[in-house]
>>> print(open('final-v7.cif').read())   # mmCIF, C-alpha atoms (C1' of nucleotides)
data_model
#
loop_
_atom_site.group_PDB
_atom_site.id
_atom_site.type_symbol
_atom_site.label_atom_id
_atom_site.label_comp_id
_atom_site.auth_asym_id
_atom_site.auth_seq_id
_atom_site.Cartn_x
_atom_site.Cartn_y
_atom_site.Cartn_z
ATOM 1 C CA MET A 1100 -32.636 -87.711 71.134
ATOM 2 C CA LEU A 1101 -35.761 -87.003 69.243
ATOM 3 C CA LEU A 1102 -38.090 -89.886 69.066
ATOM 4 C CA ALA A 1103 -41.358 -88.115 68.790
ATOM 5 C CA LEU A 1104 -44.419 -89.740 70.139
ATOM 6 C CA SER A 1105 -46.980 -87.938 68.091
ATOM 7 C CA MET A 1106 -49.534 -86.267 70.250
ATOM 8 C CA LYS A 1107 -51.545 -85.463 67.184
ATOM 9 C CA LYS A 1108 -54.289 -87.987 66.852
ATOM 10 C CA ILE A 1109 -55.453 -88.530 63.345
ATOM 11 C CA GLU A 1110 -59.112 -89.356 63.457
ATOM 12 C CA TRP A 1111 -59.879 -92.446 61.525
ATOM 13 C CA ILE A 1112 -63.078 -94.061 60.450
ATOM 14 C CA TRP A 1113 -62.503 -97.147 62.499
ATOM 15 C CA ASP A 1114 -64.665 -100.079 61.891
ATOM 16 C CA MET A 1115 -62.552 -102.506 63.708
ATOM 17 C CA VAL A 1116 -64.414 -105.652 62.992
ATOM 18 C CA MET A 1117 -61.929 -106.765 60.382
ATOM 19 C CA ILE A 1118 -59.224 -104.679 58.778
ATOM 20 C CA PRO A 1119 -58.361 -105.771 55.212
ATOM 21 C CA ALA A 1120 -54.731 -106.261 54.248
ATOM 22 C CA PRO A 1121 -53.111 -103.106 52.869
ATOM 23 C CA THR A 1122 -52.432 -103.199 49.127
ATOM 24 C CA SER A 1123 -49.499 -100.805 49.060
ATOM 25 C CA GLU A 1124 -46.700 -99.539 51.238
ATOM 26 C CA ALA A 1125 -48.268 -96.082 51.220
ATOM 27 C CA GLU A 1126 -51.551 -97.439 52.479
ATOM 28 C CA LEU A 1127 -49.829 -99.387 55.238
ATOM 29 C CA LEU A 1128 -47.768 -96.376 56.268
ATOM 30 C CA ASP A 1129 -50.868 -94.161 56.314
ATOM 31 C CA ARG A 1130 -52.532 -96.601 58.657
ATOM 32 C CA ALA A 1131 -49.469 -96.790 60.861
ATOM 33 C CA TYR A 1132 -49.338 -92.995 61.133
ATOM 34 C CA ALA A 1133 -52.986 -93.026 62.096
ATOM 35 C CA LEU A 1134 -52.117 -95.161 65.127
ATOM 36 C CA ALA A 1135 -49.531 -92.707 66.466
ATOM 37 C CA GLY A 1136 -50.738 -90.744 69.457
ATOM 38 C CA PHE A 1137 -53.194 -93.311 70.648
ATOM 39 C CA THR A 1138 -52.618 -95.386 73.738
ATOM 40 C CA LEU A 1139 -52.618 -99.166 73.668
ATOM 41 C CA GLY A 1140 -55.784 -99.090 75.734
ATOM 42 C CA GLU A 1141 -57.552 -96.894 73.174
ATOM 43 C CA LEU A 1142 -56.475 -99.101 70.277
ATOM 44 C CA ALA A 1143 -57.500 -102.231 72.138
ATOM 45 C CA GLN A 1144 -60.932 -100.757 72.761
ATOM 46 C CA LYS A 1145 -61.377 -99.985 69.086
ATOM 47 C CA CYS A 1146 -60.466 -103.577 68.289
ATOM 48 C CA HIS A 1147 -62.718 -104.946 71.013
ATOM 49 C CA ILE A 1148 -59.708 -106.538 72.647
ATOM 50 C CA THR A 1149 -59.084 -106.539 76.393
ATOM 51 C CA CYS A 1150 -55.855 -104.877 77.464
ATOM 52 C CA PRO A 1151 -53.996 -107.034 79.993
ATOM 53 C CA VAL A 1152 -52.588 -105.526 83.184
ATOM 54 C CA ASP A 1153 -49.036 -106.300 82.101
ATOM 55 C CA LEU A 1154 -47.145 -108.393 79.579
ATOM 56 C CA ARG A 1155 -45.855 -111.095 81.889
ATOM 57 C CA ARG A 1156 -48.277 -113.663 80.559
ATOM 58 C CA GLU A 1157 -48.762 -112.164 77.093
ATOM 59 C CA LYS A 1158 -45.383 -110.966 75.920
ATOM 60 C CA GLY A 1159 -46.502 -110.686 72.321
ATOM 61 C CA TRP A 1160 -49.714 -108.795 73.027
ATOM 62 C CA VAL A 1161 -48.577 -105.407 71.735
ATOM 63 C CA GLY A 1162 -47.356 -106.907 68.480
ATOM 64 C CA MET A 1163 -50.581 -108.819 68.007
ATOM 65 C CA LEU A 1164 -52.657 -105.700 68.677
ATOM 66 C CA LEU A 1165 -50.758 -103.686 66.086
ATOM 67 C CA GLU A 1166 -51.115 -106.521 63.586
ATOM 68 C CA THR A 1167 -54.855 -106.391 64.077
ATOM 69 C CA CYS A 1168 -54.934 -102.613 63.718
ATOM 70 C CA LEU A 1169 -52.935 -102.708 60.492
ATOM 71 C CA GLY A 1170 -54.611 -105.655 58.841
ATOM 72 C CA ALA A 1171 -51.741 -108.133 59.005
ATOM 73 C CA THR A 1172 -52.679 -111.686 58.260
ATOM 74 C CA ALA A 1173 -51.724 -113.665 61.332
ATOM 75 C CA GLY A 1174 -50.646 -117.237 61.472
ATOM 76 C CA ASN A 1175 -48.536 -117.292 58.348
ATOM 77 C CA LYS A 1176 -45.425 -119.322 58.841
ATOM 78 C CA GLN A 1177 -41.962 -118.110 57.882
ATOM 79 C CA MET A 1178 -43.291 -115.209 55.864
ATOM 80 C CA GLN A 1179 -43.309 -111.468 56.072
ATOM 81 C CA ASP A 1180 -46.339 -109.966 57.769
ATOM 82 C CA PHE A 1181 -47.341 -108.166 54.586
ATOM 83 C CA GLN A 1182 -46.034 -110.541 51.981
ATOM 84 C CA ASN A 1183 -47.861 -108.914 49.083
ATOM 85 C CA ILE A 1184 -45.935 -105.683 49.599
ATOM 86 C CA GLY A 1185 -42.792 -107.247 51.058
ATOM 87 C CA ILE A 1186 -42.862 -105.698 54.508
ATOM 88 C CA GLU A 1187 -42.251 -107.108 57.983
ATOM 89 C CA LEU A 1188 -43.910 -105.464 60.997
ATOM 90 C CA LYS A 1189 -42.028 -104.990 64.273
ATOM 91 C CA SER A 1190 -43.199 -103.211 67.378
ATOM 92 C CA ILE A 1191 -40.334 -101.956 69.525
ATOM 93 C CA PRO A 1192 -40.530 -100.940 73.196
ATOM 94 C CA ILE A 1193 -38.794 -97.654 73.906
ATOM 95 C CA SER A 1194 -37.621 -95.863 77.019
ATOM 96 C CA TYR A 1195 -38.367 -92.271 78.035
ATOM 97 C CA THR A 1196 -35.361 -91.211 75.987
ATOM 98 C CA GLY A 1197 -36.527 -93.068 72.915
ATOM 99 C CA LYS A 1198 -34.062 -95.921 73.105
ATOM 100 C CA PRO A 1199 -35.041 -99.578 72.699
ATOM 101 C CA LEU A 1200 -35.661 -101.356 75.995
ATOM 102 C CA GLU A 1201 -35.339 -104.824 74.512
ATOM 103 C CA THR A 1202 -33.504 -106.672 71.788
ATOM 104 C CA THR A 1203 -35.654 -107.423 68.755
ATOM 105 C CA PHE A 1204 -36.475 -110.983 67.857
ATOM 106 C CA VAL A 1205 -36.042 -111.487 64.124
ATOM 107 C CA CYS A 1206 -36.683 -115.144 63.357
ATOM 108 C CA VAL A 1207 -35.806 -118.643 64.448
ATOM 109 C CA ALA A 1208 -32.370 -119.906 63.477
ATOM 110 C CA PRO A 1209 -32.043 -122.967 61.262
ATOM 111 C CA LEU A 1210 -30.090 -125.658 63.112
ATOM 112 C CA LYS A 1211 -30.417 -128.459 60.576
ATOM 113 C CA ASP A 1212 -30.332 -128.702 56.782
ATOM 114 C CA VAL A 1213 -27.964 -125.766 56.792
ATOM 115 C CA HIS A 1214 -25.476 -127.231 54.327
ATOM 116 C CA GLY A 1215 -24.997 -124.795 51.478
ATOM 117 C CA LEU A 1216 -27.284 -122.194 53.000
ATOM 118 C CA THR A 1217 -26.244 -118.665 52.074
ATOM 119 C CA TRP A 1218 -27.221 -115.250 53.366
ATOM 120 C CA GLU A 1219 -28.695 -114.354 49.987
ATOM 121 C CA VAL A 1220 -31.364 -117.045 50.190
ATOM 122 C CA SER A 1221 -31.758 -117.140 53.973
ATOM 123 C CA ASN A 1222 -35.038 -116.611 55.718
ATOM 124 C CA ILE A 1223 -33.567 -113.902 57.903
ATOM 125 C CA ARG A 1224 -32.539 -111.782 54.915
ATOM 126 C CA ASN A 1225 -36.060 -111.940 53.576
ATOM 127 C CA LYS A 1226 -37.364 -110.773 56.952
ATOM 128 C CA ILE A 1227 -35.093 -107.789 57.291
ATOM 129 C CA LEU A 1228 -35.205 -106.421 53.753
ATOM 130 C CA LYS A 1229 -37.952 -103.980 54.669
ATOM 131 C CA ILE A 1230 -39.335 -103.446 58.155
ATOM 132 C CA LEU A 1231 -42.126 -101.214 59.413
ATOM 133 C CA TRP A 1232 -41.041 -100.257 62.935
ATOM 134 C CA ILE A 1233 -43.637 -99.010 65.374
ATOM 135 C CA PRO A 1234 -42.157 -97.597 68.587
ATOM 136 C CA VAL A 1235 -44.328 -98.027 71.666
ATOM 137 C CA GLU A 1236 -43.645 -96.740 75.156
ATOM 138 C CA GLY A 1237 -42.268 -99.672 77.090
ATOM 139 C CA GLU A 1238 -41.338 -98.492 80.580
ATOM 140 C CA ARG A 1239 -42.824 -100.984 83.003
ATOM 141 C CA GLU A 1240 -43.937 -98.272 85.379
ATOM 142 C CA ILE A 1241 -46.364 -97.011 82.729
ATOM 143 C CA PRO A 1242 -49.580 -99.035 82.888
ATOM 144 C CA LEU A 1243 -49.846 -101.041 79.687
ATOM 145 C CA CYS A 1244 -53.142 -99.490 78.598
ATOM 146 C CA GLU A 1245 -51.697 -95.973 79.033
ATOM 147 C CA ARG A 1246 -48.615 -96.478 76.880
ATOM 148 C CA TYR A 1247 -48.519 -94.341 73.741
ATOM 149 C CA VAL A 1248 -47.845 -95.588 70.238
ATOM 150 C CA GLY A 1249 -45.244 -93.495 68.461
ATOM 151 C CA MET A 1250 -44.465 -92.443 64.915
ATOM 152 C CA PRO A 1251 -43.782 -95.369 62.576
ATOM 153 C CA LEU A 1252 -40.882 -95.687 60.201
ATOM 154 C CA ILE A 1253 -40.043 -97.824 57.230
ATOM 155 C CA TRP A 1254 -36.478 -99.099 57.284
ATOM 156 C CA GLN A 1255 -34.416 -100.899 54.693
ATOM 157 C CA PRO A 1256 -30.858 -101.890 55.554
ATOM 158 C CA SER A 1257 -28.178 -99.813 53.896
ATOM 159 C CA ILE A 1258 -25.442 -101.632 51.987
ATOM 160 C CA GLU A 1259 -23.265 -101.284 55.053
ATOM 161 C CA GLU A 1260 -25.912 -102.489 57.496
ATOM 162 C CA GLU A 1261 -26.692 -105.533 55.428
ATOM 163 C CA ALA A 1262 -22.993 -106.350 55.186
ATOM 164 C CA GLN A 1263 -22.708 -106.129 58.972
ATOM 165 C CA LEU A 1264 -25.684 -108.394 59.520
ATOM 166 C CA LYS A 1265 -24.443 -110.828 56.916
ATOM 167 C CA ALA A 1266 -21.059 -111.010 58.618
ATOM 168 C CA ASP A 1267 -22.665 -111.756 61.990
ATOM 169 C CA TRP A 1268 -24.980 -114.321 60.431
ATOM 170 C CA GLU A 1269 -22.093 -116.091 58.753
ATOM 171 C CA GLU A 1270 -20.098 -116.183 61.968
ATOM 172 C CA LEU A 1271 -23.029 -117.700 63.852
ATOM 173 C CA MET A 1272 -23.953 -120.133 61.087
ATOM 174 C CA GLU A 1273 -20.376 -121.347 60.978
ATOM 175 C CA PHE A 1274 -20.738 -122.630 64.540
ATOM 176 C CA ILE A 1275 -24.001 -124.324 63.640
ATOM 177 C CA VAL A 1276 -22.600 -125.992 60.530
ATOM 178 C CA LEU A 1277 -19.622 -127.256 62.527
ATOM 179 C CA GLY A 1278 -21.891 -128.689 65.207
ATOM 180 C CA LYS A 1279 -20.790 -126.134 67.765
ATOM 181 C CA VAL A 1280 -24.119 -124.496 68.494
ATOM 182 C CA HIS A 1281 -23.501 -125.092 72.196
ATOM 183 C CA GLN A 1282 -20.479 -122.842 72.067
ATOM 184 C CA ILE A 1283 -22.513 -119.882 70.876
ATOM 185 C CA THR A 1284 -23.387 -117.343 73.549
ATOM 186 C CA ALA A 1285 -25.284 -114.073 73.337
ATOM 187 C CA GLN A 1286 -21.932 -112.350 73.162
ATOM 188 C CA HIS A 1287 -21.224 -113.515 69.642
ATOM 189 C CA GLY A 1288 -22.260 -111.227 66.821
ATOM 190 C CA GLU A 1289 -21.765 -107.494 66.812
ATOM 191 C CA HIS A 1290 -25.287 -106.542 65.769
ATOM 192 C CA LEU A 1291 -27.075 -109.855 65.472
ATOM 193 C CA GLN A 1292 -27.029 -112.333 68.325
ATOM 194 C CA LEU A 1293 -28.262 -115.888 68.800
ATOM 195 C CA ARG A 1294 -30.251 -116.675 71.933
ATOM 196 C CA PRO A 1295 -32.791 -119.235 73.124
ATOM 197 C CA LYS A 1296 -36.230 -118.989 71.576
ATOM 198 C CA ALA A 1297 -38.431 -121.547 73.227
ATOM 199 C CA ALA A 1298 -41.229 -122.207 75.633
ATOM 200 C CA ASN A 1299 -38.618 -122.988 78.287
ATOM 201 C CA SER A 1300 -35.131 -124.379 78.739
ATOM 202 C CA LYS A 1301 -36.370 -127.950 78.426
ATOM 203 C CA ALA A 1302 -37.592 -127.565 74.861
ATOM 204 C CA LEU A 1303 -35.463 -129.490 72.406
ATOM 205 C CA THR A 1304 -35.021 -129.491 68.654
ATOM 206 C CA LYS A 1305 -32.707 -131.300 66.251
ATOM 207 C CA ALA A 1306 -29.251 -129.997 65.457
ATOM 208 C CA TYR A 1307 -25.762 -131.281 64.629
ATOM 209 C CA GLY A 1308 -23.012 -132.410 66.981
ATOM 210 C CA VAL A 1309 -19.303 -131.918 66.381
ATOM 211 C CA ASN A 1310 -19.030 -135.133 64.378
ATOM 212 C CA GLY A 1311 -22.060 -134.373 62.317
ATOM 213 C CA GLN A 1312 -24.222 -136.687 64.383
ATOM 214 C CA PRO A 1313 -27.756 -135.589 65.234
ATOM 215 C CA ILE A 1314 -28.197 -134.043 68.661
ATOM 216 C CA ARG A 1315 -30.994 -132.298 70.533
ATOM 217 C CA THR A 1316 -30.637 -128.741 71.698
ATOM 218 C CA MET A 1317 -32.669 -125.715 72.621
ATOM 219 C CA PRO A 1318 -34.283 -123.845 69.721
ATOM 220 C CA ARG A 1319 -32.529 -120.530 69.044
ATOM 221 C CA GLY A 1320 -33.500 -117.278 67.440
ATOM 222 C CA PHE A 1321 -31.710 -114.326 65.870
ATOM 223 C CA TYR A 1322 -32.074 -111.014 67.679
ATOM 224 C CA PHE A 1323 -31.018 -107.465 66.821
ATOM 225 C CA ARG A 1324 -28.987 -105.913 69.613
ATOM 226 C CA THR A 1325 -30.476 -102.726 71.094
ATOM 227 C CA GLN A 1326 -27.535 -100.653 69.892
ATOM 228 C CA PHE A 1327 -28.377 -101.657 66.335
ATOM 229 C CA THR A 1328 -32.069 -100.813 66.521
ATOM 230 C CA SER A 1329 -31.313 -97.677 68.496
ATOM 231 C CA ARG A 1330 -29.228 -96.467 65.577
ATOM 232 C CA ILE A 1331 -32.015 -97.247 63.110
ATOM 233 C CA LEU A 1332 -34.473 -95.140 65.091
ATOM 234 C CA ALA A 1333 -32.010 -92.333 65.766
ATOM 235 C CA ASN A 1334 -30.939 -92.093 62.131
ATOM 236 C CA HIS A 1335 -34.503 -91.938 60.954
ATOM 237 C CA PHE A 1336 -35.750 -89.339 63.374
ATOM 238 C CA MET A 1337 -32.664 -87.163 63.071
ATOM 239 C CA LEU A 1338 -33.060 -87.162 59.303
ATOM 240 C CA SER A 1339 -36.771 -86.454 59.426
ATOM 241 C CA ASN A 1340 -36.017 -83.593 61.780
ATOM 242 C CA LEU A 1341 -33.583 -82.152 59.236
ATOM 243 C CA ASP A 1342 -36.287 -82.402 56.594
ATOM 244 C CA ILE A 1343 -38.638 -80.408 58.771
ATOM 245 C CA THR A 1344 -36.127 -77.652 59.408
ATOM 246 C CA LYS A 1345 -35.526 -77.296 55.694
ATOM 247 C CA GLU A 1346 -39.109 -76.350 55.032
ATOM 248 C "C1'" DC B 945 -42.633 -129.641 68.228
ATOM 249 C "C1'" DT B 946 -42.396 -125.275 65.201
ATOM 250 C "C1'" DG B 947 -43.117 -120.834 64.330
ATOM 251 C "C1'" DT B 948 -45.984 -116.533 65.290
ATOM 252 C "C1'" DG B 949 -45.838 -112.443 68.603
ATOM 253 C "C1'" DA B 950 -41.959 -110.841 72.040
ATOM 254 C "C1'" DT B 951 -40.637 -109.515 77.226
ATOM 255 C "C1'" DC B 952 -39.308 -111.298 81.728
ATOM 256 C "C1'" DA B 953 -36.179 -111.882 85.402
ATOM 257 C "C1'" DT B 954 -31.794 -113.002 86.964
ATOM 258 C "C1'" DT B 955 -26.973 -112.218 86.337
ATOM 259 C "C1'" DT B 956 -23.157 -109.209 85.273
ATOM 260 C "C1'" DA C 410 -28.289 -100.252 84.146
ATOM 261 C "C1'" DA C 411 -27.507 -103.342 80.615
ATOM 262 C "C1'" DA C 412 -27.111 -107.769 78.920
ATOM 263 C "C1'" DT C 413 -28.000 -112.703 78.851
ATOM 264 C "C1'" DG C 414 -30.489 -116.843 79.374
ATOM 265 C "C1'" DA C 415 -35.242 -118.204 80.339
ATOM 266 C "C1'" DT C 416 -39.902 -117.828 79.591
ATOM 267 C "C1'" DC C 417 -45.353 -116.956 78.186
ATOM 268 C "C1'" DA C 418 -49.517 -117.770 75.033
ATOM 269 C "C1'" DC C 419 -51.375 -119.500 71.002
ATOM 270 C "C1'" DA C 420 -52.167 -121.852 66.163
ATOM 271 C "C1'" DG C 421 -51.230 -125.618 63.487
#
>>> encode(input="final-v7.cif", output="structure tokens")
Amino acid sequence: MLLALSMKKIEWIWDMVMIPAPTSEAELLDRAYALAGFTLGELAQKCHITCPVDLRREKGWVGMLLETCLGATAGNKQMQDFQNIGIELKSIPISYTGKPLETTFVCVAPLKDVHGLTWEVSNIRNKILKILWIPVEGEREIPLCERYVGMPLIWQPSIEEEAQLKADWEELMEFIVLGKVHQITAQHGEHLQLRPKAANSKALTKAYGVNGQPIRTMPRGFYFRTQFTSRILANHFMLSNLDITKE
DNA sequence: CTGTGATCATTT
DNA sequence: AAATGATCACAG
């Protein structure tokens, strides 16, 4: 499978003190392409950020680094990374064969005030309408600072993909509405799954019980299965390869 | 605690 | 080897 890690480094006039937010999709994509072919260590150096030895104590470090490099405004709650241009940023760890090594966290799942909530107005739909994916080498045997950033891609769900995600979301939300969140396991949902999303297993948040009474349970999040994201990447790079051969 | 950024580490 | 449940750091 072709998931090219660009070895062509586009020189950039970096002045990594503070990167302004991009004002268009084209500008954001240009910047993302300019990151391809650099290692995480090189990008960190340009940002004056120290690259940790591994991700055990900083699982979100790669994502934060890319946000800094692309001018994302951090700290915004429940919003897309680039709200002005309607784009969400996701880094994705890939194997030597270009396949995702991890599921992709999308957003936290609402466990209360879900009465009447529909897919059309859900937070998750807003997050997945347009995503800038940035593949990064993720094999643990590769030292973090030596991992290469790959070619970015903009993805928007096809009619079919959105229908699939909506179906999974509705199945999962049905459990939540009925107070059966405890019955949900990671095996529910064909493309979208619901799993814990918390500091640890002792964290508790409010939800509903089977009789509608308030209960406390672990916070959950929606995640894309690897097969789903693998298909997104494969489709994109196979198509771009066809474009190249046409020229 | 909630939500941002996710990957870890044990089980299957 | 892949998948699931658990976990890490930080801002507000």
>>> resolve_selection(input="final-v7.cif", expression="the PyMOL selection byres ((chain C) within 7 of (chain A))", output="list of chain:residue names")
C:DT413, C:DA415, C:DT416, C:DC417, C:DA418, C:DA420
>>> residues_around(input="final-v7.cif", residues="Gly1185 of chain A", least_positions_apart="4", cutoff="8 Å", atoms="only C-alpha atoms (C1' of nucleotides)", output="MDAnalysis selection string")
chainID A and resid 1179 1181 1229
>>> axis_aligned_box(input="final-v7.cif", around="segment 411-415 of chain C", padding_each_side="4 Å", output="AutoDock Vina command-line options")
--center_x -31.2 --center_y -110.8 --center_z 79.7 --size_x 16.1 --size_y 22.9 --size_z 9.8
>>> atom_distance(input="final-v7.cif", atom1="atom CA of Thr1172 of chain A", atom2="atom CA of Ile1184 of chain A")
12.5 Å
>>> closest_atom_pairs(input="final-v7.cif", of="chain B", to="chain A", cutoff="6 Å", atoms="all atoms listed in the file", output="JSON lines")
{"residue": "B:DG949", "atom": "C1'", "partner": "A:Gly1159", "partner_atom": "CA", "distance": 4.2}
{"residue": "B:DA950", "atom": "C1'", "partner": "A:Gly1159", "partner_atom": "CA", "distance": 4.6}
{"residue": "B:DT951", "atom": "C1'", "partner": "A:Lys1158", "partner_atom": "CA", "distance": 5.1}
>>> atom_distance(input="final-v7.cif", atom1="atom CA of Arg1239 of chain A", atom2="atom CA of Tyr1132 of chain A")
24.2 Å
>>> closest_residue(input="final-v7.cif", among="A:His1335, A:Arg1246, A:Lys1279, A:Arg1319", to="DG414 of chain C", atoms="only C-alpha atoms (C1' of nucleotides)")
A:Arg1319
>>> resolve_selection(input="final-v7.cif", expression="the PyMOL selection byres ((chain A and resi 1122) around 12)", output="list in words")
Ile1118, Pro1119, Ala1120, Pro1121, Ser1123, Glu1124, Ala1125, Glu1126, Leu1127, Leu1128, Asp1129, Arg1130, Leu1169, Gly1170, Ala1171, Phe1181, Gln1182, Asn1183, Ile1184, Gly1185 and Ile1186 of chain A
>>> atom_distance(input="final-v7.cif", atom1="atom CA of Ala1333 of chain A", atom2="atom CA of Asp1267 of chain A")
21.9 Å
>>> residues_around(input="final-v7.cif", residues="Thr1138 of chain A", least_positions_apart="6", cutoff="7 Å", atoms="all atoms listed in the file", output="list in words")
Cys1244, Glu1245, Arg1246, Tyr1247 and Val1248 of chain A
>>> resolve_selection(input="final-v7.cif", expression="the PyMOL selection byres ((chain A and resi 1278) around 10)", output="mmCIF file with C-alpha atoms, in the coordinates of the input")
data_model
loop_
_atom_site.group_PDB
_atom_site.id
_atom_site.type_symbol
_atom_site.label_atom_id
_atom_site.label_comp_id
_atom_site.auth_asym_id
_atom_site.auth_seq_id
_atom_site.Cartn_x
_atom_site.Cartn_y
_atom_site.Cartn_z
ATOM 1 C CA LEU A 1210 -30.090 -125.658 63.112
ATOM 2 C CA LYS A 1211 -30.417 -128.459 60.576
ATOM 3 C CA MET A 1272 -23.953 -120.133 61.087
ATOM 4 C CA GLU A 1273 -20.376 -121.347 60.978
ATOM 5 C CA PHE A 1274 -20.738 -122.630 64.540
ATOM 6 C CA ILE A 1275 -24.001 -124.324 63.640
ATOM 7 C CA VAL A 1276 -22.600 -125.992 60.530
ATOM 8 C CA LEU A 1277 -19.622 -127.256 62.527
ATOM 9 C CA LYS A 1279 -20.790 -126.134 67.765
ATOM 10 C CA VAL A 1280 -24.119 -124.496 68.494
ATOM 11 C CA HIS A 1281 -23.501 -125.092 72.196
ATOM 12 C CA GLN A 1282 -20.479 -122.842 72.067
ATOM 13 C CA ALA A 1306 -29.251 -129.997 65.457
ATOM 14 C CA TYR A 1307 -25.762 -131.281 64.629
ATOM 15 C CA GLY A 1308 -23.012 -132.410 66.981
ATOM 16 C CA VAL A 1309 -19.303 -131.918 66.381
ATOM 17 C CA ASN A 1310 -19.030 -135.133 64.378
ATOM 18 C CA GLY A 1311 -22.060 -134.373 62.317
ATOM 19 C CA GLN A 1312 -24.222 -136.687 64.383
ATOM 20 C CA PRO A 1313 -27.756 -135.589 65.234
ATOM 21 C CA ILE A 1314 -28.197 -134.043 68.661
#
